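Structure below is my_file21.cif: mmCIF, C-alpha atoms and all ligand atoms.
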data_my_file
#
loop_
_atom_site.label_atom_id
_atom_site.label_comp_id
_atom_site.auth_asym_id
_atom_site.auth_seq_id
_atom_site.Cartn_x
_atom_site.Cartn_y
_atom_site.Cartn_z
CA MET A 1 -22.19 128.35 -78.85
CA LEU A 2 -18.92 127.36 -77.20
CA ILE A 3 -17.18 129.77 -74.81
CA LYS A 4 -13.63 128.57 -74.14
CA GLU A 5 -11.23 129.43 -71.32
CA VAL A 6 -13.01 132.03 -69.26
CA ARG A 7 -12.29 132.69 -65.60
CA PHE A 8 -15.45 132.52 -63.49
CA TYR A 9 -15.87 135.35 -61.02
CA ASP A 10 -17.48 133.05 -58.45
CA ASP A 11 -14.71 130.43 -58.08
CA ASN A 12 -11.76 132.15 -59.82
CA LYS A 13 -11.18 129.04 -61.97
CA VAL A 14 -10.97 128.70 -65.76
CA HIS A 15 -13.95 126.95 -67.41
CA ASP A 16 -15.65 126.34 -70.78
CA ILE A 17 -19.38 126.90 -71.30
CA TYR A 18 -21.57 125.18 -73.87
CA VAL A 19 -24.76 127.01 -74.86
CA GLU A 20 -27.53 125.50 -77.01
CA ASN A 21 -30.65 127.39 -78.12
CA GLY A 22 -29.84 130.18 -75.69
CA ILE A 23 -29.65 127.85 -72.65
CA ILE A 24 -26.49 126.92 -70.71
CA ARG A 25 -26.34 123.17 -71.34
CA CYS A 26 -23.16 122.33 -69.44
CA ILE A 27 -19.96 123.69 -67.97
CA ASP A 28 -16.64 121.96 -68.81
CA CYS A 29 -18.36 119.21 -70.78
CA GLN A 30 -16.14 117.22 -73.14
CA GLY A 31 -16.33 116.82 -76.91
CA LYS A 32 -18.76 119.67 -77.69
CA LYS A 33 -18.43 121.38 -81.06
CA ASP A 34 -20.21 124.43 -82.40
CA ASP A 35 -20.07 126.84 -85.35
CA TYR A 36 -19.64 129.73 -82.92
CA VAL A 37 -16.58 129.47 -80.69
CA PHE A 38 -15.37 132.34 -78.50
CA TYR A 39 -11.88 132.14 -77.02
CA GLY A 40 -11.85 133.89 -73.65
CA LYS A 41 -8.06 133.92 -73.17
CA LYS A 42 -8.66 133.42 -69.42
CA ARG A 43 -10.47 136.72 -69.11
CA LEU A 44 -13.07 137.25 -66.39
CA LEU A 45 -16.63 136.01 -66.93
CA ILE A 46 -19.35 137.51 -64.74
CA PRO A 47 -23.15 137.39 -64.65
CA PRO A 48 -24.72 140.35 -66.49
CA PHE A 49 -24.52 143.88 -65.12
CA VAL A 50 -27.68 145.15 -63.46
CA ASN A 51 -28.34 148.90 -63.60
CA PRO A 52 -30.83 149.48 -60.78
CA HIS A 53 -31.41 153.22 -61.16
CA SER A 54 -32.11 155.21 -64.31
CA HIS A 55 -34.60 157.59 -65.93
CA LEU A 56 -35.07 156.29 -69.47
CA GLY A 57 -38.27 158.18 -70.30
CA TYR A 58 -36.30 161.39 -70.80
CA ALA A 59 -32.80 159.96 -71.35
CA LEU A 60 -31.03 161.29 -74.47
CA THR A 61 -33.20 164.45 -74.57
CA LEU A 62 -30.32 166.85 -73.87
CA ASN A 63 -30.92 168.75 -77.11
CA TYR A 64 -34.71 169.03 -76.71
CA GLY A 65 -34.63 172.11 -74.46
CA SER A 66 -32.44 174.93 -73.21
CA VAL A 67 -29.25 174.52 -71.21
CA ASN A 68 -29.23 173.73 -67.48
CA GLU A 69 -27.19 176.84 -66.64
CA SER A 70 -26.75 176.20 -62.91
CA GLY A 71 -26.11 172.48 -63.29
CA THR A 72 -28.39 171.89 -60.30
CA LEU A 73 -30.88 169.06 -59.95
CA ARG A 74 -33.58 171.69 -59.31
CA GLU A 75 -33.10 173.52 -62.62
CA GLY A 76 -32.75 170.18 -64.45
CA VAL A 77 -36.01 168.83 -63.02
CA ILE A 78 -38.00 172.03 -63.66
CA LYS A 79 -36.78 172.39 -67.26
CA THR A 80 -37.35 168.69 -67.91
CA ARG A 81 -40.93 169.02 -66.69
CA GLU A 82 -41.74 172.32 -68.39
CA GLU A 83 -39.72 172.21 -71.63
CA ILE A 84 -38.90 168.58 -72.40
CA THR A 85 -41.85 166.46 -71.24
CA PRO A 86 -44.47 168.27 -73.38
CA LYS A 87 -42.37 167.54 -76.49
CA ILE A 88 -42.10 163.79 -75.83
CA THR A 89 -44.37 161.50 -77.85
CA PHE A 90 -44.81 157.73 -77.78
CA ASP A 91 -42.82 157.32 -81.04
CA ASP A 92 -40.01 159.39 -79.60
CA ILE A 93 -39.83 157.27 -76.42
CA GLU A 94 -39.95 154.07 -78.45
CA LYS A 95 -37.04 155.23 -80.63
CA ARG A 96 -34.89 156.32 -77.67
CA LEU A 97 -35.61 153.11 -75.72
CA LYS A 98 -34.45 151.02 -78.69
CA LYS A 99 -31.23 153.04 -78.82
CA LEU A 100 -30.73 152.77 -75.04
CA GLU A 101 -31.23 149.02 -75.02
CA LYS A 102 -28.41 148.70 -77.58
CA LEU A 103 -26.20 150.94 -75.46
CA PHE A 104 -26.89 148.82 -72.38
CA PHE A 105 -26.51 145.54 -74.24
CA VAL A 106 -23.05 146.27 -75.69
CA ASN A 107 -22.01 147.26 -72.17
CA GLY A 108 -23.27 143.96 -70.74
CA VAL A 109 -26.23 145.48 -68.87
CA LEU A 110 -29.16 143.08 -69.24
CA TYR A 111 -31.36 144.31 -66.38
CA VAL A 112 -32.40 147.92 -65.81
CA ARG A 113 -34.74 149.66 -63.36
CA SER A 114 -36.13 153.02 -64.47
CA HIS A 115 -38.01 155.67 -62.49
CA GLU A 116 -40.72 157.10 -64.74
CA ILE A 117 -42.61 160.32 -64.12
CA MET A 118 -46.38 160.29 -64.40
CA PRO A 119 -46.90 161.88 -67.81
CA LEU A 120 -44.36 159.53 -69.45
CA ILE A 121 -44.81 156.25 -67.57
CA PHE A 122 -47.69 155.03 -69.74
CA TYR A 123 -45.62 155.48 -72.92
CA VAL A 124 -42.70 153.62 -71.32
CA LEU A 125 -44.94 150.78 -70.10
CA GLU A 126 -46.13 150.34 -73.68
CA ALA A 127 -42.76 150.81 -75.39
CA ARG A 128 -40.98 148.27 -73.19
CA LYS A 129 -43.06 145.51 -74.79
CA LYS A 130 -40.89 145.95 -77.89
CA LEU A 131 -37.55 145.59 -76.08
CA GLU A 132 -35.60 142.48 -77.07
CA LEU A 133 -32.17 142.86 -75.51
CA ILE A 134 -32.76 144.03 -71.95
CA ASN A 135 -35.26 143.49 -69.14
CA LEU A 136 -36.76 146.73 -67.88
CA GLN A 137 -38.35 147.20 -64.45
CA ILE A 138 -40.48 150.33 -64.06
CA VAL A 139 -40.96 152.53 -60.99
CA ALA A 140 -44.08 154.72 -60.71
CA PHE A 141 -42.20 157.88 -59.74
CA PRO A 142 -44.38 160.78 -58.52
CA SER A 143 -41.94 163.61 -59.31
CA PRO A 144 -41.97 166.41 -58.12
CA GLY A 145 -43.99 164.91 -55.25
CA ILE A 146 -47.33 163.24 -54.55
CA PHE A 147 -48.92 166.44 -53.22
CA TYR A 148 -48.32 168.85 -56.13
CA PHE A 149 -50.97 167.63 -58.55
CA GLU A 150 -54.41 166.33 -57.66
CA ASP A 151 -54.39 163.18 -59.77
CA THR A 152 -50.91 161.85 -58.99
CA ILE A 153 -52.01 158.99 -56.71
CA GLU A 154 -54.69 157.99 -59.21
CA LYS A 155 -52.09 157.86 -62.00
CA MET A 156 -49.70 155.87 -59.83
CA GLU A 157 -52.42 153.31 -59.13
CA LYS A 158 -53.15 153.06 -62.85
CA ALA A 159 -49.45 152.53 -63.64
CA LEU A 160 -49.13 149.89 -60.89
CA SER A 161 -52.15 147.99 -62.14
CA GLU A 162 -50.82 148.21 -65.70
CA GLY A 163 -47.54 146.55 -64.78
CA ALA A 164 -45.15 148.97 -63.05
CA GLU A 165 -43.25 146.78 -60.59
CA VAL A 166 -42.19 149.40 -58.07
CA VAL A 167 -43.74 152.28 -56.07
CA GLY A 168 -41.62 155.44 -56.13
CA LEU A 169 -41.56 158.40 -53.77
CA ILE A 170 -39.61 161.61 -53.14
CA PRO A 171 -40.49 162.78 -49.62
CA ASN A 172 -37.84 165.51 -49.29
CA GLN A 173 -39.37 167.35 -52.27
CA GLU A 174 -42.93 167.37 -50.88
CA PRO A 175 -44.24 170.84 -49.87
CA THR A 176 -43.69 170.33 -46.12
CA VAL A 177 -41.93 167.88 -43.82
CA GLU A 178 -45.35 166.65 -42.59
CA LEU A 179 -46.49 165.95 -46.15
CA GLY A 180 -43.15 164.24 -46.81
CA ILE A 181 -43.86 161.86 -43.92
CA GLU A 182 -47.41 161.39 -45.18
CA SER A 183 -46.08 160.53 -48.66
CA VAL A 184 -43.96 157.73 -47.18
CA LYS A 185 -47.08 156.17 -45.65
CA ILE A 186 -49.00 156.52 -48.91
CA ALA A 187 -46.18 154.83 -50.86
CA PHE A 188 -46.20 151.84 -48.49
CA ASP A 189 -50.01 151.65 -48.58
CA LEU A 190 -49.80 151.39 -52.38
CA ALA A 191 -46.96 148.85 -52.22
CA LEU A 192 -48.91 146.57 -49.90
CA LYS A 193 -52.18 147.02 -51.78
CA TYR A 194 -50.63 146.04 -55.14
CA ASN A 195 -47.83 143.81 -53.75
CA LYS A 196 -45.04 145.92 -55.26
CA MET A 197 -41.51 146.85 -54.28
CA VAL A 198 -40.66 150.35 -53.01
CA ASP A 199 -37.77 152.46 -54.34
CA GLY A 200 -37.62 156.13 -53.44
CA HIS A 201 -35.54 159.17 -54.21
CA ILE A 202 -34.69 159.78 -50.57
CA ASP A 203 -32.69 162.73 -49.27
CA GLU A 204 -31.06 163.51 -52.59
CA ASN A 205 -29.50 166.76 -51.45
CA ASP A 206 -26.64 168.10 -49.30
CA ASP A 207 -28.90 169.03 -46.40
CA PRO A 208 -27.81 167.46 -43.08
CA ASN A 209 -31.37 168.03 -41.82
CA SER A 210 -32.98 166.04 -44.63
CA ARG A 211 -33.88 162.94 -42.62
CA PHE A 212 -36.44 160.94 -44.59
CA VAL A 213 -34.29 157.78 -44.76
CA GLU A 214 -35.30 157.14 -41.14
CA TYR A 215 -39.03 157.46 -41.91
CA VAL A 216 -38.83 155.17 -44.93
CA THR A 217 -36.73 152.65 -43.01
CA TYR A 218 -39.03 152.63 -40.00
CA GLU A 219 -42.12 152.25 -42.20
CA ALA A 220 -40.43 149.32 -44.00
CA LEU A 221 -39.57 147.74 -40.65
CA LYS A 222 -43.08 148.20 -39.30
CA ARG A 223 -44.70 146.71 -42.38
CA LYS A 224 -42.08 143.94 -42.78
CA TRP A 225 -41.26 145.23 -46.27
CA GLY A 226 -37.53 145.89 -45.79
CA GLU A 227 -36.08 143.49 -48.35
CA LYS A 228 -38.50 144.91 -50.94
CA THR A 229 -37.55 148.49 -50.03
CA THR A 230 -34.73 150.54 -51.52
CA ILE A 231 -33.38 153.90 -50.49
CA SER A 232 -32.02 155.54 -53.64
CA HIS A 233 -29.44 158.36 -53.55
CA MET A 234 -29.24 159.21 -49.80
CA THR A 235 -26.66 161.86 -50.67
CA ALA A 236 -27.50 163.85 -47.51
CA SER A 237 -25.79 161.06 -45.55
CA HIS A 238 -22.53 162.62 -46.74
CA SER A 239 -23.40 165.60 -44.51
CA TYR A 240 -24.91 163.76 -41.52
CA PRO A 241 -23.03 163.88 -38.22
CA SER A 242 -21.38 160.49 -37.73
CA ASP A 243 -23.21 159.69 -34.48
CA TYR A 244 -26.58 160.18 -36.19
CA PHE A 245 -25.39 158.20 -39.23
CA GLY A 246 -24.38 155.29 -36.96
CA LYS A 247 -27.82 155.14 -35.35
CA LEU A 248 -29.50 155.31 -38.76
CA VAL A 249 -27.37 152.48 -40.19
CA ASP A 250 -28.33 150.25 -37.23
CA LEU A 251 -32.01 150.86 -37.99
CA MET A 252 -31.45 150.19 -41.71
CA LYS A 253 -29.76 146.89 -40.90
CA LEU A 254 -32.61 145.89 -38.64
CA ALA A 255 -35.18 146.67 -41.34
CA LYS A 256 -33.00 145.00 -44.06
CA VAL A 257 -33.56 147.87 -46.51
CA ASN A 258 -31.34 148.21 -49.60
CA VAL A 259 -29.44 151.26 -50.83
CA ILE A 260 -28.66 152.45 -54.35
CA SER A 261 -26.06 155.13 -54.93
CA ASN A 262 -25.46 156.81 -58.30
CA PRO A 263 -21.97 158.18 -57.80
CA VAL A 264 -21.37 159.65 -61.27
CA VAL A 265 -24.49 161.80 -61.39
CA SER A 266 -24.44 162.65 -57.67
CA THR A 267 -20.86 163.94 -57.99
CA HIS A 268 -22.06 166.16 -60.83
CA LEU A 269 -25.22 167.44 -59.09
CA GLN A 270 -24.37 167.73 -55.41
CA GLY A 271 -22.23 170.42 -53.82
CA ARG A 272 -23.66 172.95 -56.34
CA TYR A 273 -24.80 175.31 -53.60
CA ASP A 274 -21.47 175.17 -51.76
CA ASN A 275 -18.71 177.71 -52.09
CA TYR A 276 -15.23 176.20 -51.89
CA PRO A 277 -14.56 173.73 -50.39
CA LYS A 278 -17.39 171.82 -52.12
CA ARG A 279 -18.76 168.60 -50.64
CA ARG A 280 -18.68 165.44 -52.71
CA GLY A 281 -22.33 164.67 -51.95
CA ILE A 282 -22.63 160.93 -52.45
CA ALA A 283 -24.01 158.29 -50.07
CA ARG A 284 -21.52 156.78 -47.62
CA ILE A 285 -21.26 153.59 -49.66
CA ARG A 286 -18.15 152.13 -48.05
CA ASP A 287 -19.42 152.62 -44.50
CA MET A 288 -22.77 151.01 -45.31
CA LEU A 289 -21.14 148.05 -47.06
CA LYS A 290 -18.95 147.49 -44.03
CA SER A 291 -22.09 147.51 -41.85
CA GLY A 292 -23.58 144.71 -43.95
CA ILE A 293 -26.21 146.75 -45.83
CA ASN A 294 -26.96 145.62 -49.40
CA VAL A 295 -25.63 148.51 -51.50
CA ALA A 296 -25.79 148.69 -55.30
CA LEU A 297 -24.74 151.32 -57.83
CA GLY A 298 -26.68 152.76 -60.77
CA THR A 299 -26.06 155.14 -63.65
CA ASP A 300 -29.00 157.50 -63.01
CA ASN A 301 -29.49 159.99 -65.87
CA ILE A 302 -27.98 159.64 -69.33
CA GLY A 303 -27.75 162.54 -71.78
CA ASP A 304 -30.47 164.79 -70.39
CA LEU A 305 -30.81 168.17 -68.68
CA ILE A 306 -30.02 166.65 -65.28
CA TYR A 307 -26.80 164.94 -66.39
CA PRO A 308 -25.55 165.75 -69.91
CA LEU A 309 -23.02 162.88 -70.22
CA GLY A 310 -23.46 159.24 -69.19
CA ASP A 311 -23.40 155.83 -70.82
CA GLY A 312 -24.10 152.22 -69.93
CA ASN A 313 -20.63 151.40 -68.64
CA MET A 314 -21.17 150.05 -65.11
CA LEU A 315 -17.41 149.77 -64.54
CA ARG A 316 -17.18 153.55 -64.85
CA VAL A 317 -19.86 153.85 -62.15
CA LEU A 318 -17.86 151.49 -59.96
CA GLN A 319 -14.63 153.41 -60.51
CA GLU A 320 -16.40 156.67 -59.62
CA ALA A 321 -17.57 155.16 -56.32
CA PHE A 322 -14.01 154.01 -55.67
CA LEU A 323 -12.71 157.54 -56.23
CA VAL A 324 -15.30 159.72 -54.57
CA ASP A 325 -16.02 157.55 -51.54
CA HIS A 326 -12.33 156.97 -50.77
CA PHE A 327 -12.11 153.22 -51.31
CA THR A 328 -8.64 151.66 -51.02
CA SER A 329 -6.98 148.80 -52.94
CA LYS A 330 -8.01 146.53 -50.06
CA ASP A 331 -11.70 147.23 -50.83
CA ILE A 332 -11.54 146.13 -54.48
CA GLU A 333 -12.18 142.42 -53.96
CA GLY A 334 -15.94 141.95 -54.21
CA MET A 335 -16.65 145.40 -55.67
CA LEU A 336 -18.08 143.94 -58.88
CA LYS A 337 -20.97 142.68 -56.76
CA LEU A 338 -22.18 146.29 -56.44
CA VAL A 339 -23.19 146.22 -60.10
CA THR A 340 -24.14 142.51 -60.38
CA TYR A 341 -25.34 140.40 -57.42
CA ASN A 342 -26.33 143.28 -55.10
CA PRO A 343 -28.65 145.04 -57.58
CA ALA A 344 -29.97 141.62 -58.73
CA LYS A 345 -31.12 141.13 -55.14
CA ILE A 346 -32.82 144.56 -55.17
CA LEU A 347 -34.64 143.80 -58.43
CA MET A 348 -35.53 140.38 -56.93
CA LEU A 349 -34.21 138.48 -59.94
CA ASP A 350 -34.82 134.80 -59.21
CA ASP A 351 -32.83 133.16 -62.01
CA TYR A 352 -29.75 135.35 -61.83
CA GLY A 353 -26.32 133.70 -62.15
CA ILE A 354 -24.57 131.16 -64.34
CA LYS A 355 -25.88 127.62 -63.99
CA PRO A 356 -26.63 124.74 -66.39
CA GLY A 357 -30.31 124.78 -67.37
CA ARG A 358 -30.61 128.57 -67.05
CA LYS A 359 -30.85 131.09 -69.87
CA ALA A 360 -27.34 132.01 -71.05
CA GLU A 361 -26.74 135.48 -69.62
CA PHE A 362 -23.14 136.46 -69.04
CA VAL A 363 -20.40 138.93 -69.84
CA VAL A 364 -16.70 138.35 -70.61
CA LEU A 365 -14.76 141.42 -69.51
CA ASN A 366 -11.73 142.82 -71.31
CA ALA A 367 -9.67 142.08 -68.19
CA LYS A 368 -8.29 139.02 -66.45
CA ASN A 369 -9.43 139.93 -62.96
CA GLU A 370 -11.58 142.28 -60.89
CA TYR A 371 -8.80 144.76 -60.23
CA GLU A 372 -7.95 145.16 -63.93
CA ALA A 373 -11.63 145.41 -64.86
CA ILE A 374 -12.24 148.32 -62.48
CA ARG A 375 -8.95 149.97 -63.40
CA ASN A 376 -9.28 149.82 -67.20
CA ILE A 377 -13.12 150.24 -67.43
CA LEU A 378 -13.17 148.83 -70.98
CA PRO A 379 -16.46 147.66 -72.49
CA PRO A 380 -16.84 143.86 -72.27
CA ALA A 381 -15.31 141.56 -74.93
CA LEU A 382 -18.46 139.45 -75.16
CA VAL A 383 -22.07 139.80 -74.00
CA VAL A 384 -24.50 136.88 -74.27
CA SER A 385 -28.23 136.93 -73.60
CA GLY A 386 -29.92 133.80 -74.90
CA GLU A 387 -29.15 133.75 -78.61
CA ASN A 388 -28.16 137.44 -78.74
CA ILE A 389 -24.45 138.20 -78.80
CA ALA A 390 -22.49 141.47 -78.66
CA GLU A 391 -18.78 141.36 -79.42
CA ASN A 392 -16.53 144.29 -78.53
CA GLU A 393 -13.11 142.73 -78.96
CA ILE A 394 -10.58 145.50 -78.44
CA GLU A 395 -7.19 145.45 -80.13
CA PHE A 396 -4.28 147.67 -79.19
CA LYS A 397 -1.42 147.51 -81.72
CA ILE A 398 2.00 149.16 -81.85
CA ASN A 399 3.79 148.80 -85.20
CA ASP A 400 1.53 145.85 -85.99
CA LYS A 401 2.48 144.08 -82.76
CA ASP A 402 -0.56 143.14 -80.66
CA VAL A 403 -0.13 144.59 -77.15
CA THR A 404 -3.77 144.17 -76.08
CA GLY A 405 -3.17 141.72 -73.24
CA GLU A 406 -0.53 143.98 -71.73
CA ILE A 407 -2.66 147.13 -71.90
CA GLU A 408 -5.75 145.38 -70.53
CA ASN A 409 -3.80 143.80 -67.65
CA LEU A 410 -1.10 146.26 -66.58
CA LEU A 411 -0.27 144.51 -63.31
CA ASP A 412 -0.41 140.96 -64.67
CA SER A 413 3.03 139.33 -64.54
CA ASP A 414 2.15 136.97 -67.45
CA PHE A 415 3.02 139.73 -69.91
ZN ZN B 1 -32.89 159.28 -59.95
#

Here is a file; write its structure as structure tokens.
Ligand SMILES: [Zn+2]
Amino acid sequence: MLIKEVRFYDDNKVHDIYVENGIIRCIDCQGKKDDYVFYGKKRLLIPPFVNPHSHLGYALTLNYGSVNESGTLREGVIKTREEITPKITFDDIEKRLKKLEKLFFVNGVLYVRSHEIMPLIFYVLEARKKLELINLQIVAFPSPGIFYFEDTIEKMEKALSEGAEVVGLIPNQEPTVELGIESVKIAFDLALKYNKMVDGHIDENDDPNSRFVEYVTYEALKRKWGEKTTISHMTASHSYPSDYFGKLVDLMKLAKVNVISNPVVSTHLQGRYDNYPKRRGIARIRDMLKSGINVALGTDNIGDLIYPLGDGNMLRVLQEAFLVDHFTSKDIEGMLKLVTYNPAKILMLDDYGIKPGRKAEFVVLNAKNEYEAIRNILPPALVVSGENIAENEIEFKINDKDVTGEIENLLDSDF
């Protein structure tokens, strides 16, 4: 496979890549020929997208139950547990996972982390063995909380010993604040016992008094587990007083914990209990990035009772963060890292990035640079994972004249 004239994100220079048997053999080597040649037209080539937060076990089940009338997370979670989960079988999960991996693959997402609730996690652990296009990391997610059902910890331990890579938690949903704090300790006990990462649904609400990020962060600091710990959502930070937020960010930096925000779904779910004006309810992504915290973005739910829309387009997620968290044009440079290198660090992917000798895993965007990619949010022109290839070449024509380059790159003076 020969990939010609692509602009590398890392050095902003145009290169060719030669791939043999799914491995990157060399970059800019001379005289290579192949039956498959892709002409990049100087478009941007990046390492694969990483989607670090999703719920695949019940993704695409929107039509399995009744409507989420209030649009709240609470109604979505209750109806998913009571109406949807009992209807889900292994075959059903297997079928939906195969569909989802295609959706992710054509969008250039090759790595996904999914939080799986206890009744479904064992199906997902089994069904992921059949996946061929994406790598799936699984979180043992004790929704609605560790303390609601007697056998939750037992099931989590079973899932962790059967291959789940991450311990989940949701302290702000536990019956009391004290039990929420207790659940944080239990999650870290499990993580250390089984040598697993931690990724929790932490303070996913609009409550300025929801303060579990500090407990999780301090526990991570104490146990020297910060780089393996991720605070997902943290939407309450939108409503924290700024002096408290500043102190919290200092502690997070000290502990080296990571953050994942899911701006599309959080914009949909948060602010639901507000009258006008309604808060935006997403984590303070820009502030945390500026403080040096490793922040990544995920899709969260896709086509279920918690979020009825959704797809695998990580550029859409990035654009939503830009909009809702008030980024400016000055903040765009480096933003693609929020859906590539930053989540790769969270998932602890060792062989991530484009280098000779590594498995060929890369994406050619339908854009010449980072700005145009985030502005036009088109699916990628080419996705490569080993010997698997997805092509989504887009053509815009007016009276038979090809205007694709112009439409994809509105601010590019070459056109
Ligand atoms: Zn979630």

Using all atoms listed in the file, find each protein or nucleic acid residue lying at most 7 Å from ligand ZN 1 (chain B); present the set as an mmCIF file with C-alpha atoms, in the frame of the given file.
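The file below, part_3.cif, is the result:
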data_model
loop_
_atom_site.group_PDB
_atom_site.id
_atom_site.type_symbol
_atom_site.label_atom_id
_atom_site.label_comp_id
_atom_site.auth_asym_id
_atom_site.auth_seq_id
_atom_site.Cartn_x
_atom_site.Cartn_y
_atom_site.Cartn_z
ATOM 1 C CA HIS A 53 -31.410 153.220 -61.160
ATOM 2 C CA SER A 54 -32.110 155.210 -64.310
ATOM 3 C CA HIS A 55 -34.600 157.590 -65.930
ATOM 4 C CA HIS A 115 -38.010 155.670 -62.490
ATOM 5 C CA HIS A 201 -35.540 159.170 -54.210
ATOM 6 C CA ASP A 300 -29.000 157.500 -63.010
ATOM 7 C CA ASN A 301 -29.490 159.990 -65.870
#

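Taking atom CA of Pro48 of chain A as the reference point, atom CA of Ala390 of chain A is found at 12.4 Å.
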
Item to check | A:Tyr371, A:Val198, A:Val109, A:Val363 ranked by distance to Thr328 of chain A, top pick (using all atoms listed in the file) | outcome: A:Tyr371

Checklist entry - Using all atoms listed in the file, which of A:Met314, A:Ile389, A:Ile306, A:Leu190 sits nearest Thr61 of chain A? => result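 Result for the nearest residue to Thr61 of chain A: A:Ile306.
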
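If you measure from each of A:Val384, A:Val295, A:Leu120, A:Val112 to Lys87 of chain A using all atoms listed in the file, the closest one turns out to be A:Leu120.
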
Item to check | Of the listed residues A:Val124, A:Leu318, A:Val166, A:Ile3, that which approaches Met348 of chain A most closely, counting all atoms listed in the file | outcome: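 Under the stated criterion, the closest residue is A:Val166.
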
Item to check | Neighbour list for segment 320-324 of chain A as a ChimeraX atom specification, cut-off 12 Å, all atoms listed in the file, skip fewer than 5 positions in-chain | outcome: /A:238,260-268,279-286,295-299,313-315,329-333,335-336,338-339,371,374-375,377

Item to check | Expected residue set, 8 Å radius at (-35.7, 151.2, -36.1), only C-alpha atoms, as an MDAnalysis selection string | outcome: chainID A and resid 214 217:218 221 248 250:252 254:255

Item to check | Contacts of Met288 of chain A within 9 Å, only C-alpha atoms, excl. fewer than 6 positions in-chain, as a VMD selection string | outcome: chain A and resid 249 259 294 to 295

Tell me, counting all atoms listed in the file, for each residue of segment 89-120 of chain A within 12 Å of segment 391-409 of chain A, which pair of atoms is nearest and how far apart they are in Å to one decimal, in rows ordered by chain and increasing number, as a Markdown table.
| residue | atom | partner | partner_atom | distance |
| --- | --- | --- | --- | --- |
| A:Phe105 | CA | A:Glu391 | CA | 10.2 |
| A:Val106 | CA | A:Asn392 | CA | 7.4 |
| A:Asn107 | CA | A:Asn392 | CA | 8.9 |
| A:Gly108 | CA | A:Glu391 | CA | 10.1 |

Contacts of Gly168 of chain A within 12 Å, all atoms listed in the file, excl. fewer than 4 positions in-chain, as a PDB file with C-alpha atoms, keeping the file's coordinate frame:
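Everything below was put into out.pdb:
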ATOM      1  CA  HIS A  53     -31.410 153.220 -61.160  1.00  0.00           C
ATOM      2  CA  ARG A 113     -34.740 149.660 -63.360  1.00  0.00           C
ATOM      3  CA  SER A 114     -36.130 153.020 -64.470  1.00  0.00           C
ATOM      4  CA  HIS A 115     -38.010 155.670 -62.490  1.00  0.00           C
ATOM      5  CA  GLU A 116     -40.720 157.100 -64.740  1.00  0.00           C
ATOM      6  CA  ILE A 117     -42.610 160.320 -64.120  1.00  0.00           C
ATOM      7  CA  MET A 118     -46.380 160.290 -64.400  1.00  0.00           C
ATOM      8  CA  ILE A 121     -44.810 156.250 -67.570  1.00  0.00           C
ATOM      9  CA  ILE A 138     -40.480 150.330 -64.060  1.00  0.00           C
ATOM     10  CA  VAL A 139     -40.960 152.530 -60.990  1.00  0.00           C
ATOM     11  CA  ALA A 140     -44.080 154.720 -60.710  1.00  0.00           C
ATOM     12  CA  PHE A 141     -42.200 157.880 -59.740  1.00  0.00           C
ATOM     13  CA  PRO A 142     -44.380 160.780 -58.520  1.00  0.00           C
ATOM     14  CA  SER A 143     -41.940 163.610 -59.310  1.00  0.00           C
ATOM     15  CA  PRO A 144     -41.970 166.410 -58.120  1.00  0.00           C
ATOM     16  CA  GLY A 145     -43.990 164.910 -55.250  1.00  0.00           C
ATOM     17  CA  ILE A 146     -47.330 163.240 -54.550  1.00  0.00           C
ATOM     18  CA  THR A 152     -50.910 161.850 -58.990  1.00  0.00           C
ATOM     19  CA  ILE A 153     -52.010 158.990 -56.710  1.00  0.00           C
ATOM     20  CA  MET A 156     -49.700 155.870 -59.830  1.00  0.00           C
ATOM     21  CA  GLU A 157     -52.420 153.310 -59.130  1.00  0.00           C
ATOM     22  CA  ALA A 159     -49.450 152.530 -63.640  1.00  0.00           C
ATOM     23  CA  LEU A 160     -49.130 149.890 -60.890  1.00  0.00           C
ATOM     24  CA  ALA A 164     -45.150 148.970 -63.050  1.00  0.00           C
ATOM     25  CA  SER A 183     -46.080 160.530 -48.660  1.00  0.00           C
ATOM     26  CA  VAL A 184     -43.960 157.730 -47.180  1.00  0.00           C
ATOM     27  CA  LYS A 185     -47.080 156.170 -45.650  1.00  0.00           C
ATOM     28  CA  ILE A 186     -49.000 156.520 -48.910  1.00  0.00           C
ATOM     29  CA  ALA A 187     -46.180 154.830 -50.860  1.00  0.00           C
ATOM     30  CA  PHE A 188     -46.200 151.840 -48.490  1.00  0.00           C
ATOM     31  CA  ASP A 189     -50.010 151.650 -48.580  1.00  0.00           C
ATOM     32  CA  LEU A 190     -49.800 151.390 -52.380  1.00  0.00           C
ATOM     33  CA  ALA A 191     -46.960 148.850 -52.220  1.00  0.00           C
ATOM     34  CA  LYS A 196     -45.040 145.920 -55.260  1.00  0.00           C
ATOM     35  CA  MET A 197     -41.510 146.850 -54.280  1.00  0.00           C
ATOM     36  CA  VAL A 198     -40.660 150.350 -53.010  1.00  0.00           C
ATOM     37  CA  ASP A 199     -37.770 152.460 -54.340  1.00  0.00           C
ATOM     38  CA  GLY A 200     -37.620 156.130 -53.440  1.00  0.00           C
ATOM     39  CA  HIS A 201     -35.540 159.170 -54.210  1.00  0.00           C
ATOM     40  CA  ILE A 202     -34.690 159.780 -50.570  1.00  0.00           C
ATOM     41  CA  VAL A 216     -38.830 155.170 -44.930  1.00  0.00           C
ATOM     42  CA  THR A 229     -37.550 148.490 -50.030  1.00  0.00           C
ATOM     43  CA  THR A 230     -34.730 150.540 -51.520  1.00  0.00           C
ATOM     44  CA  ILE A 231     -33.380 153.900 -50.490  1.00  0.00           C
ATOM     45  CA  SER A 232     -32.020 155.540 -53.640  1.00  0.00           C
TER      46      SER A 232
END
